[in-house]
Amino acid sequence: MANKKISQLTAKGTALAATDLVEISEDSGGGTYVTKSVTGANIKSGLQPTLVSGTNIKTINSNT
């Protein structure tokens with residue numbers, strides 16, 4: 001998989017699950033990299049809930 005662009009990778013095809021592992025590489029200096037992984041739950045934790053049309057999501061000062 002070395003020297004492949006992201007656009008050349010095969011799409012996952014399904015929604016990201018909390019238990020899925022996504023590998024990332026971190027530059028450790030001197031031209032070397034450390035491979036780490038994060039879970040689908042880590043990635044999803046910062047996302048807002050799915051918006052639903054006609055549903056009141058948030059009220060601020062009595063305004064939706």
# chains A, B, ... in the order shown; residues from 1 in each chain; ligands from 1

call {"tool": "select_by_dssp", "arguments": {"residues": "chain A", "states": "strand (DSSP E or B)", "output": "PyMOL selection string"}}
result
chain A and resi 21-29+32-39+60+63

call {"tool": "residues_around", "arguments": {"residues": "Ile43 (chain A)", "least_positions_apart": "2", "cutoff": "12 Å", "atoms": "only C-alpha atoms", "output": "list in words"}}
result
Leu16, Ala17, Ala18, Thr19, Asp20, Leu21, Val22, Glu23, Ser37, Val38, Thr39, Gly40, Ala41, Ser45, Gly46, Leu47 and Gln48 of chain A

call {"tool": "select_by_dssp", "arguments": {"residues": "chain A", "states": "helix (DSSP H, G or I)", "output": "ChimeraX atom specification"}}
result
/A:6-8,40-44

call {"tool": "residues_around", "arguments": {"residues": "region 33-35 of chain A", "least_positions_apart": "5", "cutoff": "10 Å", "atoms": "only C-alpha atoms", "output": "list in words"}}
result
Glu23, Ile24, Ser25, Glu26, Asp27 and Ser28 of chain A

call {"tool": "write_last_selection", "arguments": {"atoms": "N, CA and C atoms", "output": "mmCIF file, in the first residue's frame"}}
result
data_model
loop_
_atom_site.group_PDB
_atom_site.id
_atom_site.type_symbol
_atom_site.label_atom_id
_atom_site.label_comp_id
_atom_site.auth_asym_id
_atom_site.auth_seq_id
_atom_site.Cartn_x
_atom_site.Cartn_y
_atom_site.Cartn_z
ATOM 1 N N GLU A 23 -6.285 3.479 10.583
ATOM 2 C CA GLU A 23 -4.857 3.679 10.826
ATOM 3 C C GLU A 23 -4.420 5.050 10.345
ATOM 4 N N ILE A 24 -3.550 5.667 11.121
ATOM 5 C CA ILE A 24 -2.971 6.958 10.775
ATOM 6 C C ILE A 24 -1.468 6.870 10.970
ATOM 7 N N SER A 25 -0.733 7.686 10.267
ATOM 8 C CA SER A 25 0.719 7.731 10.427
ATOM 9 C C SER A 25 1.115 9.103 10.934
ATOM 10 N N GLU A 26 2.022 9.116 11.887
ATOM 11 C CA GLU A 26 2.498 10.359 12.470
ATOM 12 C C GLU A 26 3.989 10.484 12.196
ATOM 13 N N ASP A 27 4.395 11.636 11.691
ATOM 14 C CA ASP A 27 5.808 11.892 11.415
ATOM 15 C C ASP A 27 6.561 11.966 12.736
ATOM 16 N N SER A 28 7.521 11.071 12.920
ATOM 17 C CA SER A 28 8.302 11.080 14.158
ATOM 18 C C SER A 28 9.646 11.770 13.960
#
